[in-house]
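Quick look at coords37.cif (mmCIF, C-alpha atoms):
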```
data_work
#
loop_
_atom_site.label_atom_id
_atom_site.label_comp_id
_atom_site.auth_asym_id
_atom_site.auth_seq_id
_atom_site.Cartn_x
_atom_site.Cartn_y
_atom_site.Cartn_z
CA MET Y 1 -61.93 -30.20 -103.35
CA SER Y 2 -63.13 -29.89 -99.78
CA GLY Y 3 -66.22 -30.00 -97.63
CA PRO Y 4 -67.56 -30.12 -94.08
CA TRP Y 5 -68.57 -33.45 -92.54
CA ALA Y 6 -70.26 -31.96 -89.49
CA VAL Y 7 -71.34 -28.61 -88.00
CA ASN Y 8 -71.56 -27.30 -84.45
CA GLN Y 9 -74.84 -26.64 -82.68
CA ASP Y 10 -75.58 -23.15 -84.02
CA GLY Y 11 -74.31 -23.94 -87.52
CA SER Y 12 -71.51 -21.38 -87.41
CA LEU Y 13 -68.61 -23.83 -87.76
CA GLY Y 14 -68.14 -26.70 -90.19
CA VAL Y 15 -65.41 -29.34 -89.88
CA GLY Y 16 -64.25 -32.06 -92.22
CA LEU Y 17 -61.72 -32.94 -94.89
CA LEU Y 18 -59.75 -30.30 -96.74
CA TRP Y 19 -57.85 -31.25 -99.89
CA ARG Y 20 -54.63 -29.23 -100.14
CA ALA Y 21 -53.76 -29.40 -103.82
CA GLN Y 22 -50.51 -27.50 -103.39
CA VAL Y 23 -49.03 -30.28 -101.26
CA CYS Y 24 -51.23 -33.17 -102.48
CA HIS Y 25 -52.53 -33.94 -98.99
CA ALA Y 26 -55.93 -34.28 -97.35
CA ASN Y 27 -56.07 -32.73 -93.89
CA ALA Y 28 -58.55 -31.87 -91.17
CA GLY Y 29 -60.02 -28.45 -91.79
CA TYR Y 30 -62.69 -26.04 -90.61
CA TRP Y 31 -65.00 -23.52 -92.23
CA ASP Y 32 -66.50 -20.26 -90.95
CA LEU Y 33 -70.10 -20.75 -92.09
CA VAL Y 34 -71.22 -17.26 -90.99
CA ASN Y 35 -68.59 -14.93 -92.40
CA GLY Y 36 -67.39 -17.21 -95.17
CA GLY Y 37 -63.84 -17.09 -96.43
CA PRO Y 38 -61.43 -19.91 -97.30
CA ALA Y 39 -61.27 -23.12 -95.31
CA LYS Y 40 -58.46 -23.37 -92.77
CA VAL Y 41 -56.26 -26.33 -91.87
CA LEU Y 42 -56.32 -27.60 -88.30
CA GLN Y 43 -53.00 -27.88 -86.50
CA MET Y 44 -51.10 -31.14 -87.18
CA LEU Y 45 -48.60 -32.88 -84.93
CA PHE Y 46 -46.75 -34.34 -87.92
CA ASP Y 47 -45.86 -32.48 -91.10
CA GLY Y 48 -46.87 -34.50 -94.15
CA PRO Y 49 -49.33 -37.26 -93.13
CA SER Y 50 -53.05 -36.92 -93.68
CA SER Y 51 -55.70 -36.09 -91.08
CA ARG Y 52 -59.48 -35.62 -90.97
CA ALA Y 53 -62.11 -34.05 -88.72
CA ASN Y 54 -65.21 -36.22 -88.25
CA ALA Y 55 -67.26 -34.33 -85.66
CA VAL Y 56 -67.44 -31.22 -83.50
CA ASN Y 57 -69.04 -30.47 -80.15
CA ALA Y 58 -71.80 -27.92 -79.52
CA ASP Y 59 -69.74 -24.75 -79.15
CA GLY Y 60 -67.00 -25.75 -81.59
CA SER Y 61 -64.24 -25.96 -78.99
CA VAL Y 62 -63.62 -29.72 -79.44
CA ILE Y 63 -63.13 -31.32 -82.86
CA VAL Y 64 -62.43 -35.04 -83.24
CA GLY Y 65 -61.13 -37.28 -86.02
CA TRP Y 66 -57.82 -38.84 -86.89
CA GLN Y 67 -54.18 -38.04 -87.61
CA ASP Y 68 -51.87 -40.39 -89.49
CA GLN Y 69 -48.49 -41.14 -87.98
CA LEU Y 70 -45.34 -40.61 -90.03
CA ASN Y 71 -45.48 -44.31 -90.97
CA GLY Y 72 -49.09 -43.94 -92.12
CA GLU Y 73 -50.66 -45.61 -89.07
CA ARG Y 74 -54.01 -43.99 -88.29
CA THR Y 75 -54.45 -42.51 -84.82
CA ALA Y 76 -57.51 -41.02 -83.12
CA ALA Y 77 -57.12 -37.32 -82.42
CA LYS Y 78 -58.91 -34.35 -80.89
CA TRP Y 79 -58.40 -30.65 -81.37
CA VAL Y 80 -59.22 -28.66 -78.23
CA ASN Y 81 -59.43 -24.95 -79.01
CA GLY Y 82 -57.38 -25.66 -82.11
CA VAL Y 83 -54.59 -27.59 -80.37
CA GLU Y 84 -54.23 -31.22 -81.45
CA GLU Y 85 -53.86 -34.15 -79.04
CA LEU Y 86 -53.72 -37.85 -79.82
CA ILE Y 87 -56.29 -40.07 -78.06
CA LEU Y 88 -54.25 -42.98 -76.71
CA THR Y 89 -54.98 -46.06 -74.62
CA PRO Y 90 -53.93 -46.04 -70.93
CA SER Y 91 -50.74 -47.86 -71.95
CA GLY Y 92 -50.00 -45.39 -74.73
CA GLY Y 93 -51.32 -47.53 -77.60
CA LEU Y 94 -52.84 -46.04 -80.75
CA ASN Y 95 -56.59 -45.96 -81.43
CA GLY Y 96 -57.78 -45.93 -85.02
CA GLU Y 97 -60.32 -43.12 -85.28
CA ALA Y 98 -62.56 -40.80 -83.26
CA MET Y 99 -66.05 -40.72 -84.79
CA ALA Y 100 -68.25 -38.54 -82.56
CA VAL Y 101 -68.18 -36.21 -79.54
CA SER Y 102 -70.77 -35.20 -76.97
CA ALA Y 103 -72.13 -31.65 -76.77
CA ASP Y 104 -69.79 -30.64 -73.92
CA GLY Y 105 -66.77 -32.35 -75.47
CA ASN Y 106 -66.28 -34.64 -72.48
CA THR Y 107 -67.23 -37.91 -74.19
CA ILE Y 108 -65.60 -39.10 -77.39
CA VAL Y 109 -66.38 -42.40 -79.12
CA GLY Y 110 -64.47 -44.22 -81.81
CA LEU Y 111 -63.15 -47.43 -83.29
CA GLY Y 112 -59.92 -49.39 -83.49
CA TYR Y 113 -58.99 -49.66 -79.81
CA ASN Y 114 -55.22 -50.17 -79.71
CA GLN Y 115 -55.50 -50.76 -83.50
CA ARG Y 116 -57.78 -53.76 -82.89
CA ASP Y 117 -61.40 -54.40 -83.83
CA ASP Y 118 -63.02 -52.86 -80.77
CA ALA Y 119 -64.87 -49.63 -80.07
CA TRP Y 120 -63.78 -47.27 -77.32
CA ILE Y 121 -65.03 -44.35 -75.23
CA TRP Y 122 -62.90 -41.50 -73.88
CA ARG Y 123 -63.70 -39.32 -70.87
CA PRO Y 124 -61.42 -36.91 -68.96
CA ALA Y 125 -61.69 -38.82 -65.67
CA THR Y 126 -61.16 -42.33 -67.06
CA GLY Y 127 -59.34 -41.85 -70.35
CA VAL Y 128 -59.97 -44.42 -73.06
CA GLU Y 129 -62.08 -47.47 -72.19
CA ARG Y 130 -62.45 -50.44 -74.49
CA ILE Y 131 -65.83 -51.81 -75.52
CA SER Y 132 -65.84 -55.39 -76.77
CA LYS Y 133 -68.48 -57.96 -77.68
CA GLY Y 134 -66.22 -60.98 -77.55
CA ARG Y 135 -63.65 -62.79 -79.62
CA GLY Y 136 -64.14 -62.61 -83.37
CA LYS Y 137 -66.65 -59.77 -83.14
CA SER Y 138 -65.62 -56.23 -84.02
CA LEU Y 139 -67.47 -53.19 -82.69
CA ILE Y 140 -67.70 -49.76 -84.26
CA LEU Y 141 -69.23 -46.73 -82.52
CA LEU Y 142 -70.56 -44.05 -84.87
CA ASP Y 143 -72.44 -41.50 -82.78
CA VAL Y 144 -73.11 -40.37 -79.21
CA SER Y 145 -75.90 -38.42 -77.53
CA ASP Y 146 -75.38 -34.86 -76.28
CA ASN Y 147 -74.96 -36.00 -72.66
CA GLY Y 148 -72.50 -38.75 -73.63
CA LYS Y 149 -74.56 -41.49 -71.96
CA THR Y 150 -75.84 -43.32 -75.06
CA ALA Y 151 -73.91 -44.32 -78.17
CA VAL Y 152 -74.76 -46.34 -81.27
CA GLY Y 153 -72.96 -48.30 -83.95
CA PHE Y 154 -72.71 -51.85 -85.21
CA THR Y 155 -71.02 -55.14 -84.49
CA ARG Y 156 -69.57 -57.36 -87.19
CA GLU Y 157 -68.35 -60.94 -87.26
CA GLY Y 158 -67.10 -60.83 -90.86
CA ALA Y 159 -66.57 -58.53 -93.81
CA HIS Y 160 -70.05 -58.98 -95.30
CA ASP Y 161 -72.93 -56.56 -94.58
CA ARG Y 162 -75.16 -59.53 -93.71
CA GLN Y 163 -72.97 -60.22 -90.67
CA GLN Y 164 -73.47 -56.74 -89.22
CA ARG Y 165 -75.84 -56.01 -86.35
CA ALA Y 166 -76.93 -52.62 -85.00
CA PHE Y 167 -76.05 -52.11 -81.36
CA LEU Y 168 -76.57 -49.64 -78.56
CA TRP Y 169 -74.29 -48.69 -75.66
CA LYS Y 170 -75.59 -47.06 -72.49
CA HIS Y 171 -73.49 -45.68 -69.67
CA GLY Y 172 -73.54 -48.05 -66.71
CA LYS Y 173 -75.25 -50.82 -68.71
CA GLY Y 174 -72.77 -51.61 -71.47
CA ALA Y 175 -73.41 -52.65 -75.07
CA ALA Y 176 -76.25 -54.75 -76.44
CA LEU Y 177 -77.65 -55.56 -79.84
CA LEU Y 178 -80.29 -52.96 -80.65
CA SER Y 179 -82.84 -55.69 -81.42
CA LYS Y 180 -82.28 -57.30 -77.99
CA TYR Y 181 -82.44 -53.97 -76.19
CA LEU Y 182 -85.74 -53.20 -77.90
CA ALA Y 183 -87.13 -56.66 -77.13
CA ASP Y 184 -86.11 -56.36 -73.48
CA SER Y 185 -87.84 -52.97 -73.38
CA GLY Y 186 -91.06 -54.37 -74.80
CA VAL Y 187 -90.64 -52.78 -78.22
CA VAL Y 188 -91.69 -55.00 -81.13
CA VAL Y 189 -89.58 -54.81 -84.30
CA PRO Y 190 -91.84 -55.56 -87.31
CA GLU Y 191 -91.47 -59.12 -88.52
CA GLY Y 192 -88.93 -59.56 -91.30
CA TRP Y 193 -86.79 -56.57 -90.38
CA ASP Y 194 -83.05 -57.07 -89.78
CA LEU Y 195 -81.42 -54.02 -88.13
CA LYS Y 196 -77.86 -53.83 -89.45
CA VAL Y 197 -76.33 -50.46 -88.53
CA ALA Y 198 -77.32 -47.77 -86.03
CA SER Y 199 -75.61 -44.73 -87.50
CA LEU Y 200 -77.12 -41.70 -85.72
CA ILE Y 201 -78.66 -40.87 -82.36
CA SER Y 202 -80.68 -37.77 -81.49
CA ALA Y 203 -79.32 -35.11 -79.15
CA ASP Y 204 -81.50 -36.33 -76.27
CA GLY Y 205 -80.54 -39.97 -76.84
CA ASN Y 206 -84.13 -41.12 -77.38
CA THR Y 207 -84.17 -41.68 -81.15
CA VAL Y 208 -81.91 -43.95 -83.18
CA TYR Y 209 -81.55 -43.86 -86.96
CA GLY Y 210 -79.89 -46.46 -89.13
CA TRP Y 211 -80.40 -48.95 -91.92
CA GLY Y 212 -81.23 -52.59 -92.33
CA PHE Y 213 -82.99 -55.11 -94.55
CA ASN Y 214 -86.76 -54.85 -94.76
CA PRO Y 215 -89.15 -57.82 -95.21
CA ASP Y 216 -88.63 -57.59 -98.98
CA ASN Y 217 -84.89 -58.10 -98.42
CA LEU Y 218 -84.15 -54.56 -99.57
CA ILE Y 219 -81.99 -52.01 -97.79
CA GLU Y 220 -84.11 -49.40 -96.03
CA MET Y 221 -83.58 -46.75 -93.39
CA PHE Y 222 -85.16 -47.16 -89.95
CA LYS Y 223 -86.05 -44.90 -87.04
CA VAL Y 224 -86.49 -46.24 -83.51
CA GLU Y 225 -87.91 -44.37 -80.51
CA LEU Y 226 -86.27 -45.66 -77.33
CA ARG Y 227 -88.80 -44.10 -74.96
#
```

Show the structure stored in the file as structure tokens.
Amino acid sequence: MSGPWAVNQDGSLGVGLLWRAQVCHANAGYWDLVNGGPAKVLQMLFDGPSSRANAVNADGSVIVGWQDQLNGERTAAKWVNGVEELILTPSGGLNGEAMAVSADGNTIVGLGYNQRDDAWIWRPATGVERISKGRGKSLILLDVSDNGKTAVGFTREGAHDRQQRAFLWKHGKGAALLSKYLADSGVVVPEGWDLKVASLISADGNTVYGWGFNPDNLIEMFKVELR
């Protein structure tokens, strides 16, 4: 069993999780969506542990996800032209998982900074930078715009969905709850709506998609135009 989680800009390459029945392992893999053929396993730094590809940049040269250590500890990883590298903190600490990558491959966002409950952003010039909303609040980044300047996700103060809040991060401005950002921008969220998770952002960074609770207290998807 296998399947792509994401595709590159022209739809020629799919990346995701490949189940290798012969060795009973799940590993990061890629698919040629133009010529077909069997899925292929991405290079692994450690023989045996599992890995997964979560996202790919526009031209397919940068794939991001995670690679388990030999002890099973999850570590954010990127594959640049097929060669795997771990995404570590400035001090060499492990980050849990890379979730998304910008179109040019120069911005990567993820979760589990130094194996703690904080989101992070990686860039070539600065390396990994931690994003935190304060003690007792975990942050998770799920997607990033093509230019790498806007990212979305959610913050959580407990394990229950009701304690989640959608948030937005902008380069140079930091992170803010999506509801507050919208209010500060003069955008009115319909009464009774509770925005829980911002899961996707458009390529141009102007549209956010996610889910929350509607006025009838039912889960419903939302779309927000930031312009």

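Between atom CA of Gly148 of chain Y and atom CA of Leu45 of chain Y the interatomic distance comes to 27.1 Å.
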
Self-check item: the PyMOL selection byres ((chain Y and resi 50-58) around 6) resolved against shown file, as a ChimeraX atom specification
Solution: /Y:6,8-9,15-17,26-28,49,59-60,62-68,99-103,105

Output C-alpha atoms for every residue in the selection just made, as an mmCIF file, in the coordinates of the input.
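Once written, result06.cif looks like this:
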```cif
data_model
loop_
_atom_site.group_PDB
_atom_site.id
_atom_site.type_symbol
_atom_site.label_atom_id
_atom_site.label_comp_id
_atom_site.auth_asym_id
_atom_site.auth_seq_id
_atom_site.Cartn_x
_atom_site.Cartn_y
_atom_site.Cartn_z
ATOM 1 C CA ALA Y 6 -70.260 -31.960 -89.490
ATOM 2 C CA ASN Y 8 -71.560 -27.300 -84.450
ATOM 3 C CA GLN Y 9 -74.840 -26.640 -82.680
ATOM 4 C CA VAL Y 15 -65.410 -29.340 -89.880
ATOM 5 C CA GLY Y 16 -64.250 -32.060 -92.220
ATOM 6 C CA LEU Y 17 -61.720 -32.940 -94.890
ATOM 7 C CA ALA Y 26 -55.930 -34.280 -97.350
ATOM 8 C CA ASN Y 27 -56.070 -32.730 -93.890
ATOM 9 C CA ALA Y 28 -58.550 -31.870 -91.170
ATOM 10 C CA PRO Y 49 -49.330 -37.260 -93.130
ATOM 11 C CA ASP Y 59 -69.740 -24.750 -79.150
ATOM 12 C CA GLY Y 60 -67.000 -25.750 -81.590
ATOM 13 C CA VAL Y 62 -63.620 -29.720 -79.440
ATOM 14 C CA ILE Y 63 -63.130 -31.320 -82.860
ATOM 15 C CA VAL Y 64 -62.430 -35.040 -83.240
ATOM 16 C CA GLY Y 65 -61.130 -37.280 -86.020
ATOM 17 C CA TRP Y 66 -57.820 -38.840 -86.890
ATOM 18 C CA GLN Y 67 -54.180 -38.040 -87.610
ATOM 19 C CA ASP Y 68 -51.870 -40.390 -89.490
ATOM 20 C CA MET Y 99 -66.050 -40.720 -84.790
ATOM 21 C CA ALA Y 100 -68.250 -38.540 -82.560
ATOM 22 C CA VAL Y 101 -68.180 -36.210 -79.540
ATOM 23 C CA SER Y 102 -70.770 -35.200 -76.970
ATOM 24 C CA ALA Y 103 -72.130 -31.650 -76.770
ATOM 25 C CA GLY Y 105 -66.770 -32.350 -75.470
#
```

- request: Would you write out, as a list of chain:residue names, every residue that the PyMOL selection byres ((chain Y and resi 191) around 12) captures in this file?
  value: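 Going through the file, the PyMOL selection byres ((chain Y and resi 191) around 12) ends up selecting Y:Ser179, Y:Val188, Y:Val189, Y:Pro190, Y:Gly192, Y:Trp193, Y:Asp194, Y:Leu195, Y:Phe213, Y:Asn214, Y:Pro215, Y:Asp216, Y:Asn217.
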
Q: For segment 106-121 of chain Y, please output as a PyMOL selection string all residues within 7 Å (counting all atoms listed in the file; exclusion window: fewer than 4 positions along the same chain).
A: chain Y and resi 89+93-102+128-132+138-142+148

For this session: Could you give me, as a ChimeraX atom specification, the residues within 9 Å of Ser202 of chain Y, counting only C-alpha atoms and dropping anything in the same chain fewer than 6 positions from it?
Result: /Y:144-146,208-209

When you look at Lys173 of chain Y with a cut-off of 12 Å (counting all atoms listed in the file), what residues show up, excluding the ones that are within fewer than 6 positions of it in the same chain? I need them as a list of chain:residue names.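 So, after excluding close chain neighbours, the residues are Y:Ile131, Y:Lys149, Y:Thr150, Y:Ala151, Y:Tyr181.
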
Selection to disk with C-alpha atoms, as a tab-separated table (two decimals), keeping the file's coordinate frame:
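Result file again_7.tsv:
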```tsv
chain	number	residue	atom	x	y	z
Y	131	ILE	CA	-65.83	-51.81	-75.52
Y	149	LYS	CA	-74.56	-41.49	-71.96
Y	150	THR	CA	-75.84	-43.32	-75.06
Y	151	ALA	CA	-73.91	-44.32	-78.17
Y	181	TYR	CA	-82.44	-53.97	-76.19
```

Among Y:Pro124, Y:Gly72, Y:Gly92, Y:Gly82, Phe46 of chain Y is approached most closely, using all atoms listed in the file, by Y:Gly72

Just to confirm, what's the straight-line distance from atom CA of His25 of chain Y to atom CA of Val41 of chain Y in Å (one decimal)?
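So the two atoms, atom CA of His25 of chain Y and atom CA of Val41 of chain Y, lie 11.1 Å apart.
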
| field | One-decimal distance in Å that lies between atom CA of Asp204 of chain Y and atom CA of Asp184 of chain Y | value |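 Interatomic distance here is 20.7 Å.
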
Axis-aligned box for all listed atoms of segment 219-227 of chain Y, 5 Å per side, centre and edges in Å to one decimal, as lines of an AutoDock Vina configuration file:
```
center_x = -85.4
center_y = -48.1
center_z = -86.4
size_x = 16.8
size_y = 17.9
size_z = 32.8
```

Nearest to Val152 of chain Y, restricted to only C-alpha atoms and choosing among Y:Val187, Y:Ala198, Y:Leu42, Y:Ile87, comes out as Y:Ala198

* Would you write out, as a list in words, every residue that the PyMOL selection byres ((chain Y and resi 162-168) around 7) captures in this file? =>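 Applied to this file, the PyMOL selection byres ((chain Y and resi 162-168) around 7) selects Ala151, Val152, Gly153, Phe154, Thr155, Arg156, Glu157, Gly158, His160, Asp161, Trp169, Lys170, Ala175, Ala176, Leu177, Leu178, Leu195, Lys196, Val197 and Ala198 of chain Y.
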
Quiz item: Do you know which residues are at most 9 Å from Leu33 of chain Y counting all atoms listed in the file, after dropping those on the same chain fewer than 3 positions away, and could you put them as an MDAnalysis selection string?
Solution: chainID Y and resid 7 11:14 36:37

Deliver the residues from the most recent selection as a file, using C-alpha atoms, as an mmCIF file, in the coordinates of the input.
```cif
data_model
loop_
_atom_site.group_PDB
_atom_site.id
_atom_site.type_symbol
_atom_site.label_atom_id
_atom_site.label_comp_id
_atom_site.auth_asym_id
_atom_site.auth_seq_id
_atom_site.Cartn_x
_atom_site.Cartn_y
_atom_site.Cartn_z
ATOM 1 C CA VAL Y 7 -71.340 -28.610 -88.000
ATOM 2 C CA GLY Y 11 -74.310 -23.940 -87.520
ATOM 3 C CA SER Y 12 -71.510 -21.380 -87.410
ATOM 4 C CA LEU Y 13 -68.610 -23.830 -87.760
ATOM 5 C CA GLY Y 14 -68.140 -26.700 -90.190
ATOM 6 C CA GLY Y 36 -67.390 -17.210 -95.170
ATOM 7 C CA GLY Y 37 -63.840 -17.090 -96.430
#
```

* Which residue gives the smallest distance to Pro90 of chain Y among Y:Trp31, Y:Trp122, Y:Trp19, Y:Trp211, with only C-alpha atoms counted? ->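 The shortest atom-to-atom distance to Pro90 of chain Y comes from Y:Trp122.
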
Emit a file covering segment 175-205 of chain Y of the preceding structure with N, CA and C atoms, as an mmCIF file, in the first residue's frame.
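Just written: result_35.cif:
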```cif
data_model
loop_
_atom_site.group_PDB
_atom_site.id
_atom_site.type_symbol
_atom_site.label_atom_id
_atom_site.label_comp_id
_atom_site.auth_asym_id
_atom_site.auth_seq_id
_atom_site.Cartn_x
_atom_site.Cartn_y
_atom_site.Cartn_z
ATOM 1 N N ALA Y 175 3.831 35.621 14.681
ATOM 2 C CA ALA Y 175 2.603 34.821 14.685
ATOM 3 C C ALA Y 175 1.490 35.516 15.441
ATOM 4 N N ALA Y 176 0.268 35.316 14.966
ATOM 5 C CA ALA Y 176 -0.910 35.866 15.635
ATOM 6 C C ALA Y 176 -2.088 34.944 15.372
ATOM 7 N N LEU Y 177 -3.025 34.912 16.306
ATOM 8 C CA LEU Y 177 -4.244 34.163 16.057
ATOM 9 C C LEU Y 177 -4.901 34.707 14.790
ATOM 10 N N LEU Y 178 -5.408 33.814 13.954
ATOM 11 C CA LEU Y 178 -6.022 34.242 12.705
ATOM 12 C C LEU Y 178 -7.193 35.192 12.972
ATOM 13 N N SER Y 179 -7.979 34.914 13.991
ATOM 14 C CA SER Y 179 -9.118 35.771 14.313
ATOM 15 C C SER Y 179 -8.666 37.186 14.679
ATOM 16 N N LYS Y 180 -7.556 37.298 15.417
ATOM 17 C CA LYS Y 180 -7.046 38.620 15.797
ATOM 18 C C LYS Y 180 -6.476 39.338 14.578
ATOM 19 N N TYR Y 181 -5.751 38.612 13.759
ATOM 20 C CA TYR Y 181 -5.185 39.215 12.551
ATOM 21 C C TYR Y 181 -6.299 39.775 11.675
ATOM 22 N N LEU Y 182 -7.368 39.005 11.514
ATOM 23 C CA LEU Y 182 -8.487 39.456 10.697
ATOM 24 C C LEU Y 182 -9.164 40.682 11.315
ATOM 25 N N ALA Y 183 -9.354 40.636 12.645
ATOM 26 C CA ALA Y 183 -9.984 41.767 13.321
ATOM 27 C C ALA Y 183 -9.146 43.031 13.180
ATOM 28 N N ASP Y 184 -7.818 42.879 13.342
ATOM 29 C CA ASP Y 184 -6.925 44.029 13.212
ATOM 30 C C ASP Y 184 -6.899 44.572 11.786
ATOM 31 N N SER Y 185 -7.250 43.719 10.823
ATOM 32 C CA SER Y 185 -7.255 44.118 9.412
ATOM 33 C C SER Y 185 -8.621 44.613 8.964
ATOM 34 N N GLY Y 186 -9.576 44.645 9.903
ATOM 35 C CA GLY Y 186 -10.903 45.130 9.578
ATOM 36 C C GLY Y 186 -11.823 44.096 8.954
ATOM 37 N N VAL Y 187 -11.416 42.830 9.026
ATOM 38 C CA VAL Y 187 -12.241 41.752 8.479
ATOM 39 C C VAL Y 187 -13.145 41.219 9.589
ATOM 40 N N VAL Y 188 -14.428 41.099 9.317
ATOM 41 C CA VAL Y 188 -15.384 40.629 10.310
ATOM 42 C C VAL Y 188 -15.655 39.137 10.119
ATOM 43 N N VAL Y 189 -15.328 38.336 11.131
ATOM 44 C CA VAL Y 189 -15.676 36.920 11.121
ATOM 45 C C VAL Y 189 -17.139 36.802 11.551
ATOM 46 N N PRO Y 190 -17.986 36.104 10.786
ATOM 47 C CA PRO Y 190 -19.400 35.979 11.141
ATOM 48 C C PRO Y 190 -19.594 35.527 12.583
ATOM 49 N N GLU Y 191 -20.549 36.110 13.249
ATOM 50 C CA GLU Y 191 -20.811 35.794 14.645
ATOM 51 C C GLU Y 191 -21.084 34.299 14.822
ATOM 52 N N GLY Y 192 -20.500 33.733 15.868
ATOM 53 C CA GLY Y 192 -20.716 32.329 16.178
ATOM 54 C C GLY Y 192 -19.677 31.391 15.612
ATOM 55 N N TRP Y 193 -18.809 31.900 14.744
ATOM 56 C CA TRP Y 193 -17.756 31.067 14.168
ATOM 57 C C TRP Y 193 -16.538 31.026 15.090
ATOM 58 N N ASP Y 194 -15.933 29.838 15.212
ATOM 59 C CA ASP Y 194 -14.720 29.639 16.008
ATOM 60 C C ASP Y 194 -13.692 28.968 15.099
ATOM 61 N N LEU Y 195 -12.693 29.720 14.658
ATOM 62 C CA LEU Y 195 -11.694 29.221 13.708
ATOM 63 C C LEU Y 195 -10.642 28.393 14.446
ATOM 64 N N LYS Y 196 -10.620 27.088 14.177
ATOM 65 C CA LYS Y 196 -9.775 26.187 14.954
ATOM 66 C C LYS Y 196 -8.421 25.891 14.312
ATOM 67 N N VAL Y 197 -8.416 25.558 13.033
ATOM 68 C CA VAL Y 197 -7.172 25.154 12.365
ATOM 69 C C VAL Y 197 -7.092 25.799 10.989
ATOM 70 N N ALA Y 198 -5.987 26.454 10.705
ATOM 71 C CA ALA Y 198 -5.683 26.933 9.360
ATOM 72 C C ALA Y 198 -4.752 25.909 8.728
ATOM 73 N N SER Y 199 -5.243 25.150 7.777
ATOM 74 C CA SER Y 199 -4.481 24.005 7.281
ATOM 75 C C SER Y 199 -3.791 24.226 5.941
ATOM 76 N N LEU Y 200 -4.302 25.159 5.128
ATOM 77 C CA LEU Y 200 -3.723 25.401 3.812
ATOM 78 C C LEU Y 200 -3.683 26.891 3.515
ATOM 79 N N ILE Y 201 -2.677 27.298 2.725
ATOM 80 C CA ILE Y 201 -2.610 28.673 2.253
ATOM 81 C C ILE Y 201 -2.342 28.643 0.758
ATOM 82 N N SER Y 202 -2.938 29.576 0.028
ATOM 83 C CA SER Y 202 -2.765 29.612 -1.420
ATOM 84 C C SER Y 202 -1.330 29.970 -1.793
ATOM 85 N N ALA Y 203 -0.976 29.726 -3.040
ATOM 86 C CA ALA Y 203 0.382 29.987 -3.511
ATOM 87 C C ALA Y 203 0.794 31.437 -3.305
ATOM 88 N N ASP Y 204 -0.166 32.377 -3.522
ATOM 89 C CA ASP Y 204 0.169 33.796 -3.379
ATOM 90 C C ASP Y 204 0.059 34.306 -1.946
ATOM 91 N N GLY Y 205 -0.357 33.439 -1.024
ATOM 92 C CA GLY Y 205 -0.432 33.819 0.381
ATOM 93 C C GLY Y 205 -1.636 34.650 0.752
#
```
